[in-house]
file protein.pdb (PDB, C-alpha atoms)
ATOM      1  CA  MET A  10     109.754 142.316 124.635
ATOM      2  CA  ARG A  11     113.489 141.768 124.939
ATOM      3  CA  GLN A  12     116.375 139.993 123.286
ATOM      4  CA  ARG A  13     116.616 136.349 124.377
ATOM      5  CA  LEU A  14     119.302 133.785 123.621
ATOM      6  CA  PHE A  15     118.271 131.689 120.631
ATOM      7  CA  GLN A  16     119.655 128.706 118.735
ATOM      8  CA  GLN A  17     118.548 126.621 115.793
ATOM      9  CA  ILE A  18     119.716 123.021 116.020
ATOM     10  CA  ASP A  19     119.769 120.209 113.479
ATOM     11  CA  VAL A  20     118.944 116.978 115.338
ATOM     12  CA  PHE A  21     119.743 113.365 114.442
ATOM     13  CA  SER A  22     122.595 114.477 112.201
ATOM     14  CA  HIS A  23     126.213 115.596 112.514
ATOM     15  CA  ARG A  24     125.962 117.707 109.348
ATOM     16  CA  PRO A  25     123.691 120.776 109.005
ATOM     17  CA  GLY A  26     120.768 120.105 106.719
ATOM     18  CA  ASP A  27     120.655 116.324 107.118
ATOM     19  CA  GLY A  28     118.461 116.087 110.230
ATOM     20  CA  ASN A  29     115.384 117.715 111.730
ATOM     21  CA  PRO A  30     115.633 121.432 112.619
ATOM     22  CA  LEU A  31     114.564 122.793 115.991
ATOM     23  CA  ALA A  32     114.274 126.351 117.291
ATOM     24  CA  VAL A  33     115.288 126.847 120.934
ATOM     25  CA  VAL A  34     114.642 129.919 123.086
ATOM     26  CA  LEU A  35     117.097 129.521 125.947
ATOM     27  CA  ASP A  36     115.573 132.058 128.339
ATOM     28  CA  ALA A  37     111.789 131.943 128.343
ATOM     29  CA  ASP A  38     111.195 133.520 131.766
ATOM     30  CA  GLY A  39     108.227 135.868 131.675
ATOM     31  CA  LEU A  40     106.787 134.639 128.393
ATOM     32  CA  GLN A  41     103.084 133.857 128.332
ATOM     33  CA  ASP A  42     101.605 130.855 126.543
ATOM     34  CA  ALA A  43     100.378 133.130 123.741
ATOM     35  CA  ASP A  44     103.888 134.560 123.291
ATOM     36  CA  MET A  45     105.365 131.092 122.909
ATOM     37  CA  GLN A  46     102.654 129.961 120.526
ATOM     38  CA  ARG A  47     103.016 133.075 118.377
ATOM     39  CA  PHE A  48     106.785 132.640 118.114
ATOM     40  CA  ALA A  49     106.469 128.929 117.314
ATOM     41  CA  ALA A  50     104.052 129.771 114.508
ATOM     42  CA  TRP A  51     106.492 132.397 113.223
ATOM     43  CA  THR A  52     109.510 130.043 113.118
ATOM     44  CA  ASN A  53     107.316 127.688 111.049
ATOM     45  CA  LEU A  54     109.373 124.678 112.175
ATOM     46  CA  SER A  55     107.745 121.469 113.317
ATOM     47  CA  GLU A  56     108.703 122.352 116.904
ATOM     48  CA  THR A  57     110.065 125.296 118.889
ATOM     49  CA  THR A  58     111.147 124.849 122.514
ATOM     50  CA  PHE A  59     111.358 127.231 125.434
ATOM     51  CA  LEU A  60     113.754 126.693 128.348
ATOM     52  CA  LEU A  61     112.625 127.483 131.890
ATOM     53  CA  PRO A  62     113.770 126.695 135.433
ATOM     54  CA  PRO A  63     112.324 123.458 136.845
ATOM     55  CA  THR A  64     109.149 123.564 138.893
ATOM     56  CA  GLU A  65     109.389 122.674 142.584
ATOM     57  CA  VAL A  66     108.191 119.157 141.792
ATOM     58  CA  GLY A  67     110.687 118.844 138.947
ATOM     59  CA  LEU A  68     113.527 120.141 141.067
ATOM     60  CA  ALA A  69     112.706 117.623 143.779
ATOM     61  CA  GLY A  70     112.849 114.896 141.126
ATOM     62  CA  GLY A  71     116.301 115.976 139.986
ATOM     63  CA  ALA A  72     115.392 118.106 136.954
ATOM     64  CA  ASP A  73     118.137 120.305 135.519
ATOM     65  CA  TYR A  74     115.731 122.450 133.482
ATOM     66  CA  ARG A  75     112.155 122.529 132.190
ATOM     67  CA  VAL A  76     111.133 122.628 128.542
ATOM     68  CA  ARG A  77     107.899 123.552 126.837
ATOM     69  CA  ILE A  78     107.435 122.272 123.294
ATOM     70  CA  PHE A  79     105.237 124.053 120.751
ATOM     71  CA  THR A  80     104.301 123.230 117.180
ATOM     72  CA  PRO A  81     102.975 126.061 114.978
ATOM     73  CA  SER A  82      99.469 125.142 116.162
ATOM     74  CA  GLY A  83      99.740 123.852 119.740
ATOM     75  CA  GLU A  84     101.769 122.508 122.662
ATOM     76  CA  LEU A  85     103.112 118.947 122.982
ATOM     77  CA  PRO A  86     103.693 117.151 126.291
ATOM     78  CA  PHE A  87     106.723 115.336 124.851
ATOM     79  CA  ALA A  88     108.619 114.984 121.580
ATOM     80  CA  GLY A  89     111.887 113.304 120.732
ATOM     81  CA  HIS A  90     113.973 115.566 118.541
ATOM     82  CA  PRO A  91     113.036 118.629 120.672
ATOM     83  CA  THR A  92     114.237 116.732 123.745
ATOM     84  CA  LEU A  93     117.685 116.043 122.280
ATOM     85  CA  GLY A  94     117.989 119.405 120.516
ATOM     86  CA  THR A  95     117.052 121.382 123.620
ATOM     87  CA  CYS A  96     119.514 119.399 125.719
ATOM     88  CA  HIS A  97     122.238 120.036 123.127
ATOM     89  CA  ALA A  98     121.550 123.795 123.208
ATOM     90  CA  TRP A  99     121.475 123.838 127.029
ATOM     91  CA  LEU A 100     124.870 122.098 127.185
ATOM     92  CA  GLN A 101     126.329 124.306 124.431
ATOM     93  CA  THR A 102     125.592 127.420 126.479
ATOM     94  CA  GLY A 103     127.792 126.177 129.321
ATOM     95  CA  HIS A 104     125.334 124.441 131.626
ATOM     96  CA  ALA A 105     126.280 121.278 133.493
ATOM     97  CA  PRO A 106     123.919 118.621 134.864
ATOM     98  CA  ARG A 107     123.537 117.986 138.560
ATOM     99  CA  GLU A 108     124.493 114.352 137.938
ATOM    100  CA  PRO A 109     127.587 113.974 135.707
ATOM    101  CA  GLY A 110     126.824 112.265 132.404
ATOM    102  CA  THR A 111     123.038 112.329 132.881
ATOM    103  CA  ILE A 112     120.722 115.272 132.230
ATOM    104  CA  VAL A 113     117.186 115.304 133.631
ATOM    105  CA  GLN A 114     114.652 117.274 131.618
ATOM    106  CA  GLU A 115     111.245 118.234 132.957
ATOM    107  CA  SER A 116     108.646 118.146 130.183
ATOM    108  CA  GLY A 117     104.899 118.542 130.173
ATOM    109  CA  MET A 118     104.476 114.796 130.601
ATOM    110  CA  SER A 119     107.233 113.619 132.939
ATOM    111  CA  LEU A 120     110.894 113.781 133.836
ATOM    112  CA  VAL A 121     113.061 112.500 130.971
ATOM    113  CA  ARG A 122     116.576 111.186 131.488
ATOM    114  CA  ILE A 123     119.166 111.963 128.811
ATOM    115  CA  ARG A 124     122.580 110.303 128.568
ATOM    116  CA  ARG A 125     125.636 111.942 127.045
ATOM    117  CA  GLN A 126     128.211 109.644 125.457
ATOM    118  CA  GLY A 127     130.828 111.481 123.423
ATOM    119  CA  ASP A 128     129.029 113.540 120.786
ATOM    120  CA  THR A 129     125.787 111.564 121.076
ATOM    121  CA  LEU A 130     122.784 112.256 123.300
ATOM    122  CA  ALA A 131     120.122 109.634 124.011
ATOM    123  CA  PHE A 132     116.838 109.955 125.885
ATOM    124  CA  ALA A 133     115.103 107.224 127.860
ATOM    125  CA  ALA A 134     111.942 106.350 125.956
ATOM    126  CA  PRO A 135     108.922 107.268 128.102
ATOM    127  CA  PRO A 136     106.345 104.631 129.050
ATOM    128  CA  LEU A 137     104.353 103.397 126.078
ATOM    129  CA  GLN A 138     100.697 102.493 125.816
ATOM    130  CA  ARG A 139      99.887 100.348 122.809
ATOM    131  CA  GLY A 140      97.154  98.158 121.420
ATOM    132  CA  ALA A 141      95.516  96.841 118.277
ATOM    133  CA  PRO A 142      94.031  99.501 115.994
ATOM    134  CA  ASN A 143      90.396  99.627 115.025
ATOM    135  CA  PRO A 144      90.070  97.531 111.819
ATOM    136  CA  ALA A 145      88.013 100.229 110.106
ATOM    137  CA  LEU A 146      90.644 102.896 110.840
ATOM    138  CA  LEU A 147      93.413 100.568 109.696
ATOM    139  CA  ALA A 148      91.625  99.942 106.402
ATOM    140  CA  LEU A 149      91.137 103.652 105.774
ATOM    141  CA  VAL A 150      94.787 104.483 106.568
ATOM    142  CA  THR A 151      95.968 101.600 104.388
ATOM    143  CA  GLY A 152      94.009 103.037 101.481
ATOM    144  CA  ALA A 153      95.267 106.584 102.097
ATOM    145  CA  LEU A 154      98.848 105.267 101.965
ATOM    146  CA  GLY A 155      98.178 103.424  98.698
ATOM    147  CA  LEU A 156      98.932 100.046 100.272
ATOM    148  CA  ARG A 157      97.228  96.666  99.944
ATOM    149  CA  PRO A 158      96.070  95.031 103.188
ATOM    150  CA  GLN A 159      98.497  92.095 102.727
ATOM    151  CA  GLN A 160     101.431  94.534 102.792
ATOM    152  CA  ILE A 161     100.731  95.347 106.460
ATOM    153  CA  LEU A 162     102.759  92.755 108.375
ATOM    154  CA  ALA A 163     101.790  94.138 111.792
ATOM    155  CA  ALA A 164     100.046  97.224 113.179
ATOM    156  CA  GLN A 165      99.798  98.913 116.579
ATOM    157  CA  LEU A 166      98.399 102.101 118.034
ATOM    158  CA  LEU A 167     101.304 103.701 119.926
ATOM    159  CA  ASP A 168     101.015 106.433 122.561
ATOM    160  CA  ASN A 169     103.961 107.960 124.441
ATOM    161  CA  GLY A 170     102.533 111.476 124.438
ATOM    162  CA  PRO A 171     102.199 111.806 120.674
ATOM    163  CA  ARG A 172      99.871 109.136 119.255
ATOM    164  CA  TRP A 173     100.950 107.148 116.215
ATOM    165  CA  LEU A 174      99.581 104.281 114.172
ATOM    166  CA  GLY A 175     102.656 102.114 113.569
ATOM    167  CA  LEU A 176     102.735  99.885 110.493
ATOM    168  CA  LEU A 177     105.381  97.239 109.772
ATOM    169  CA  LEU A 178     105.950  96.893 106.013
ATOM    170  CA  PRO A 179     107.688  94.134 104.005
ATOM    171  CA  SER A 180     110.570  96.069 102.427
ATOM    172  CA  ALA A 181     112.505  99.311 102.514
ATOM    173  CA  ASP A 182     111.419  99.929  98.911
ATOM    174  CA  THR A 183     107.782  99.755 100.015
ATOM    175  CA  VAL A 184     108.436 102.321 102.758
ATOM    176  CA  LEU A 185     110.382 104.662 100.499
ATOM    177  CA  GLY A 186     107.972 104.314  97.580
ATOM    178  CA  LEU A 187     104.870 105.464  99.448
ATOM    179  CA  GLN A 188     103.069 108.516  98.077
ATOM    180  CA  PRO A 189     100.344 109.084 100.675
ATOM    181  CA  ASP A 190      97.176 111.060 100.191
ATOM    182  CA  HIS A 191      98.016 113.574 102.932
ATOM    183  CA  ALA A 192      94.623 115.270 102.711
ATOM    184  CA  ARG A 193      92.898 111.961 103.483
ATOM    185  CA  LEU A 194      95.276 111.276 106.373
ATOM    186  CA  LYS A 195      94.548 114.735 107.761
ATOM    187  CA  ASP A 196      90.809 114.081 107.546
ATOM    188  CA  LEU A 197      91.297 110.785 109.399
ATOM    189  CA  GLY A 198      93.106 112.640 112.190
ATOM    190  CA  GLN A 199      95.711 109.920 112.607
ATOM    191  CA  ASP A 200      99.497 110.336 112.543
ATOM    192  CA  VAL A 201     101.131 107.323 110.903
ATOM    193  CA  GLY A 202     104.610 105.822 111.171
ATOM    194  CA  VAL A 203     105.776 103.161 108.728
ATOM    195  CA  VAL A 204     108.808 100.942 109.300
ATOM    196  CA  HIS A 205     110.780  98.121 107.712
ATOM    197  CA  VAL A 206     113.267  96.012 109.662
ATOM    198  CA  ALA A 207     115.941  94.345 107.521
ATOM    199  CA  PRO A 208     117.438  90.954 108.451
ATOM    200  CA  THR A 209     120.753  92.795 108.965
ATOM    201  CA  ALA A 210     119.272  95.305 111.420
ATOM    202  CA  SER A 211     121.458  94.100 114.293
ATOM    203  CA  ASP A 212     124.572  95.294 112.400
ATOM    204  CA  ILE A 213     124.465  98.781 113.893
ATOM    205  CA  GLY A 214     127.334 100.023 111.732
ATOM    206  CA  GLN A 215     124.825 100.516 108.908
ATOM    207  CA  PRO A 216     121.149 101.503 108.983
ATOM    208  CA  GLY A 217     119.039  98.344 109.065
ATOM    209  CA  VAL A 218     115.688  99.955 109.810
ATOM    210  CA  THR A 219     113.860 102.380 107.521
ATOM    211  CA  VAL A 220     111.213 104.735 108.919
ATOM    212  CA  ARG A 221     108.887 107.427 107.620
ATOM    213  CA  ALA A 222     106.499 109.582 109.643
ATOM    214  CA  PHE A 223     103.327 111.147 108.250
ATOM    215  CA  ALA A 224     101.814 113.777 110.546
ATOM    216  CA  ALA A 225      99.315 115.684 108.395
ATOM    217  CA  PRO A 226      96.872 116.090 111.327
ATOM    218  CA  MET A 227      99.605 118.131 113.081
ATOM    219  CA  GLY A 228     100.189 120.178 109.944
ATOM    220  CA  ASN A 229     103.368 118.328 108.945
ATOM    221  CA  PRO A 230     102.723 115.961 106.003
ATOM    222  CA  GLU A 231     106.070 114.213 106.505
ATOM    223  CA  ASP A 232     108.434 114.693 109.431
ATOM    224  CA  PRO A 233     112.136 114.388 108.528
ATOM    225  CA  VAL A 234     113.381 112.489 111.609
ATOM    226  CA  THR A 235     111.115 111.637 114.529
ATOM    227  CA  GLY A 236     112.300 110.753 118.025
ATOM    228  CA  SER A 237     108.923 110.029 119.649
ATOM    229  CA  LEU A 238     107.868 107.719 116.815
ATOM    230  CA  ASN A 239     111.175 105.849 116.834
ATOM    231  CA  ALA A 240     110.905 105.458 120.605
ATOM    232  CA  SER A 241     107.454 103.888 120.419
ATOM    233  CA  LEU A 242     108.294 101.760 117.373
ATOM    234  CA  ALA A 243     111.360 100.396 119.168
ATOM    235  CA  GLN A 244     109.435  99.522 122.326
ATOM    236  CA  TRP A 245     106.785  97.716 120.277
ATOM    237  CA  LEU A 246     109.063  95.913 117.828
ATOM    238  CA  ILE A 247     111.659  94.799 120.389
ATOM    239  CA  ALA A 248     108.960  93.567 122.797
ATOM    240  CA  GLU A 249     107.373  91.477 120.031
ATOM    241  CA  GLY A 250     110.686  90.084 118.764
ATOM    242  CA  LEU A 251     110.288  91.949 115.472
ATOM    243  CA  ALA A 252     113.530  93.942 115.876
ATOM    244  CA  PRO A 253     116.860  93.410 117.665
ATOM    245  CA  ARG A 254     117.741  95.200 120.906
ATOM    246  CA  HIS A 255     120.228  97.476 119.121
ATOM    247  CA  TYR A 256     119.800  98.967 115.660
ATOM    248  CA  LEU A 257     120.325 102.068 113.533
ATOM    249  CA  VAL A 258     117.433 103.860 111.811
ATOM    250  CA  ALA A 259     117.564 105.771 108.538
ATOM    251  CA  GLN A 260     114.846 108.411 108.166
ATOM    252  CA  GLY A 261     114.379 111.425 105.916
ATOM    253  CA  GLU A 262     115.631 110.101 102.590
ATOM    254  CA  CYS A 263     112.442 111.031 100.733
ATOM    255  CA  LEU A 264     112.883 114.633 101.916
ATOM    256  CA  GLY A 265     116.554 114.853 100.942
ATOM    257  CA  ARG A 266     117.742 114.271 104.520
ATOM    258  CA  ALA A 267     120.028 111.638 106.017
ATOM    259  CA  GLY A 268     118.774 111.342 109.588
ATOM    260  CA  ARG A 269     120.223 108.616 111.805
ATOM    261  CA  VAL A 270     118.596 107.395 115.033
ATOM    262  CA  HIS A 271     120.412 105.001 117.376
ATOM    263  CA  ILE A 272     118.197 102.555 119.273
ATOM    264  CA  ALA A 273     119.469 100.525 122.234
ATOM    265  CA  GLN A 274     117.695  98.517 124.911
ATOM    266  CA  ASP A 275     119.716  98.112 128.106
ATOM    267  CA  ASP A 276     119.773  95.112 130.439
ATOM    268  CA  ASP A 277     116.958  96.619 132.517
ATOM    269  CA  GLY A 278     114.695  96.748 129.471
ATOM    270  CA  GLN A 279     114.898 100.527 129.061
ATOM    271  CA  VAL A 280     114.947 101.676 125.427
ATOM    272  CA  TRP A 281     117.249 104.611 124.642
ATOM    273  CA  VAL A 282     116.815 106.785 121.560
ATOM    274  CA  GLY A 283     119.895 108.687 120.512
ATOM    275  CA  GLY A 284     121.580 110.754 117.883
ATOM    276  CA  GLN A 285     123.933 113.601 117.167
ATOM    277  CA  ALA A 286     123.014 117.279 116.954
ATOM    278  CA  VAL A 287     124.697 120.344 115.518
ATOM    279  CA  THR A 288     124.147 124.045 116.198
ATOM    280  CA  CYS A 289     123.377 125.835 112.916
ATOM    281  CA  ILE A 290     122.288 129.301 114.108
ATOM    282  CA  GLN A 291     122.933 131.108 117.370
ATOM    283  CA  GLY A 292     122.217 134.625 118.523
ATOM    284  CA  THR A 293     119.218 136.385 120.001
ATOM    285  CA  ALA A 294     115.523 136.636 119.233
ATOM    286  CA  LEU A 295     113.271 139.551 120.133
ATOM    287  CA  LEU A 296     110.194 138.296 121.945
TER     288      LEU A 296
END
call {"tool": "encode", "arguments": {"input": "protein.pdb", "output": "structure tokens"}}
result
Amino acid sequence: MRQRLFQQIDVFSHRPGDGNPLAVVLDADGLQDADMQRFAAWTNLSETTFLLPPTEVGLAGGADYRVRIFTPSGELPFAGHPTLGTCHAWLQTGHAPREPGTIVQESGMSLVRIRRQGDTLAFAAPPLQRGAPNPALLALVTGALGLRPQQILAAQLLDNGPRWLGLLLPSADTVLGLQPDHARLKDLGQDVGVVHVAPTASDIGQPGVTVRAFAAPMGNPEDPVTGSLNASLAQWLIAEGLAPRHYLVAQGECLGRAGRVHIAQDDDGQVWVGGQAVTCIQGTALL
């Protein structure tokens, strides 16, 4: 065991305490999988990341660094707020990307491009697989959320690494008023994201989209601000004409947070998911 550089970052916020916290170990050389898993369980945050040099394949693809992402109970191939928070920590410790303005992160799933514009970082949403949910599953999730079937305006199974059931709801009040039966959702084994898109969503000066994420199967009844979910929701909703190409998401209100996620689709059809991040704790960790 030795002292390793460590940071704790608040992601999707410019003010500590408003976003989603992330633990980052900036030098994970020599750590075994069990070491990483044990430390991630100890931090008790939704995710802890570990920075490593790129693999040969990653380096050939332009990767600046490699990240491994652990929840308290397992490893994820990709996740949104860990992607931005890890990149923020990597930049804060004096690193510079091989390509100015663009950072390339090697994750367990693929290479992820990250853009830096001022104090905002945005990742390119990874490819999405989506389809209609099983009607029986949809009915069970609807009941566990305390919703009536007619309140579900649209539904999709979304998979960009993490797998979500996305539900479009009729109002922000409906989204914010949900009091799910988390035990039932855990038994169903399905993470659920709910979203409302206001008619004013294209006015990106103010949040026009409201999101909540329920991840009881991963041990996190409600996630404060969720990059992977917002990426997949954006790809679905924009493709179906249910949301504009640019909008601002509010997430975390029911947990006392004020997370903000910037969504933008460029002229090539690529969706970018962005936000600010702030370093709250920095020092060393013994592991």
call {"tool": "resolve_selection", "arguments": {"input": "protein.pdb", "expression": "the PyMOL selection byres ((chain A and resi 213) around 12)", "output": "PDB file with C-alpha atoms, in the coordinates of the input"}}
result
ATOM      1  CA  ALA A 207     115.941  94.345 107.521  1.00  0.00           C
ATOM      2  CA  PRO A 208     117.438  90.954 108.451  1.00  0.00           C
ATOM      3  CA  THR A 209     120.753  92.795 108.965  1.00  0.00           C
ATOM      4  CA  ALA A 210     119.272  95.305 111.420  1.00  0.00           C
ATOM      5  CA  SER A 211     121.458  94.100 114.293  1.00  0.00           C
ATOM      6  CA  ASP A 212     124.572  95.294 112.400  1.00  0.00           C
ATOM      7  CA  GLY A 214     127.334 100.023 111.732  1.00  0.00           C
ATOM      8  CA  GLN A 215     124.825 100.516 108.908  1.00  0.00           C
ATOM      9  CA  PRO A 216     121.149 101.503 108.983  1.00  0.00           C
ATOM     10  CA  GLY A 217     119.039  98.344 109.065  1.00  0.00           C
ATOM     11  CA  VAL A 218     115.688  99.955 109.810  1.00  0.00           C
ATOM     12  CA  PRO A 253     116.860  93.410 117.665  1.00  0.00           C
ATOM     13  CA  ARG A 254     117.741  95.200 120.906  1.00  0.00           C
ATOM     14  CA  HIS A 255     120.228  97.476 119.121  1.00  0.00           C
ATOM     15  CA  TYR A 256     119.800  98.967 115.660  1.00  0.00           C
ATOM     16  CA  LEU A 257     120.325 102.068 113.533  1.00  0.00           C
ATOM     17  CA  VAL A 258     117.433 103.860 111.811  1.00  0.00           C
ATOM     18  CA  ALA A 259     117.564 105.771 108.538  1.00  0.00           C
ATOM     19  CA  ARG A 269     120.223 108.616 111.805  1.00  0.00           C
ATOM     20  CA  VAL A 270     118.596 107.395 115.033  1.00  0.00           C
ATOM     21  CA  HIS A 271     120.412 105.001 117.376  1.00  0.00           C
ATOM     22  CA  ILE A 272     118.197 102.555 119.273  1.00  0.00           C
ATOM     23  CA  ALA A 273     119.469 100.525 122.234  1.00  0.00           C
TER      24      ALA A 273
END
call {"tool": "atom_distance", "arguments": {"input": "protein.pdb", "atom1": "CA of Leu68 in chain A", "atom2": "CA of Thr288 in chain A"}}
result
27.3 Å
call {"tool": "atom_distance", "arguments": {"input": "protein.pdb", "atom1": "CA of Thr64 in chain A", "atom2": "CA of Met10 in chain A"}}
result
23.6 Å
call {"tool": "axis_aligned_box", "arguments": {"input": "protein.pdb", "around": "range 188-196 of chain A", "padding_each_side": "6 Å", "output": "AutoDock Vina command-line options"}}
result
--center_x 96.9 --center_y 111.9 --center_z 102.9 --size_x 24.3 --size_y 18.8 --size_z 21.7
call {"tool": "closest_atom_pairs", "arguments": {"input": "protein.pdb", "of": "range 103-169 of chain A", "to": "range 235-248 of chain A", "cutoff": "12 Å", "atoms": "all atoms listed in the file", "output": "CSV"}}
result
residue,atom,partner,partner_atom,distance
A:Leu130,CA,A:Gly236,CA,11.8
A:Ala131,CA,A:Gly236,CA,9.9
A:Phe132,CA,A:Gly236,CA,9.1
A:Ala133,CA,A:Ala240,CA,8.6
A:Ala134,CA,A:Ala240,CA,5.5
A:Pro135,CA,A:Ala240,CA,8.0
A:Pro136,CA,A:Ser241,CA,8.7
A:Leu137,CA,A:Ser241,CA,6.5
A:Gln138,CA,A:Ser241,CA,8.8
A:Arg139,CA,A:Trp245,CA,7.8
A:Gly140,CA,A:Trp245,CA,9.7
A:Ala141,CA,A:Trp245,CA,11.5
A:Leu162,CA,A:Leu246,CA,11.8
A:Ala163,CA,A:Leu246,CA,9.6
A:Ala164,CA,A:Trp245,CA,9.8
A:Gln165,CA,A:Trp245,CA,8.0
A:Leu166,CA,A:Ser241,CA,9.5
A:Leu167,CA,A:Ser241,CA,6.2
A:Asp168,CA,A:Ser241,CA,7.2
A:Asn169,CA,A:Ser241,CA,6.7
call {"tool": "closest_residue", "arguments": {"input": "protein.pdb", "among": "A:Arg47, A:His90, A:His23, A:His97", "to": "Leu35 in chain A", "atoms": "all atoms listed in the file"}}
result
A:His97
call {"tool": "atom_distance", "arguments": {"input": "protein.pdb", "atom1": "CA of Asp38 in chain A", "atom2": "CA of Leu61 in chain A"}}
result
6.2 Å
call {"tool": "residues_around", "arguments": {"input": "protein.pdb", "residues": "Ser180 in chain A", "least_positions_apart": "6", "cutoff": "9 Å", "atoms": "all atoms listed in the file", "output": "PyMOL selection string"}}
result
chain A and resi 204-207+219
call {"tool": "resolve_selection", "arguments": {"input": "protein.pdb", "expression": "the PyMOL selection byres ((chain A and resi 186) around 12)", "output": "list in words"}}
result
Leu154, Gly155, Leu156, Leu178, Ser180, Ala181, Asp182, Thr183, Val184, Leu185, Leu187, Gln188, Pro189, Val203, Thr219, Val220, Arg221, Glu262 and Cys263 of chain A
call {"tool": "closest_residue", "arguments": {"input": "protein.pdb", "among": "A:Gly170, A:Leu147, A:Asn29, A:Thr80", "to": "Pro226 in chain A", "atoms": "all atoms listed in the file"}}
result
A:Thr80
call {"tool": "closest_residue", "arguments": {"input": "protein.pdb", "among": "A:Tyr74, A:Gly228, A:Gly261, A:Val20", "to": "Ala50 in chain A", "atoms": "all atoms listed in the file"}}
result
A:Gly228
call {"tool": "resolve_selection", "arguments": {"input": "protein.pdb", "expression": "the PyMOL selection byres ((chain A and resi 285) around 8)", "output": "ChimeraX atom specification"}}
result
/A:20-23,128-130,283-284,286-287
call {"tool": "residues_around", "arguments": {"input": "protein.pdb", "residues": "Thr52 in chain A", "least_positions_apart": "6", "cutoff": "10 Å", "atoms": "only C-alpha atoms", "output": "number ranges by chain"}}
result
A: 31-32, 80-81
call {"tool": "closest_residue", "arguments": {"input": "protein.pdb", "among": "A:Pro233, A:Gly152, A:Pro25, A:Gly117", "to": "Leu197 in chain A", "atoms": "all atoms listed in the file"}}
result
A:Gly152
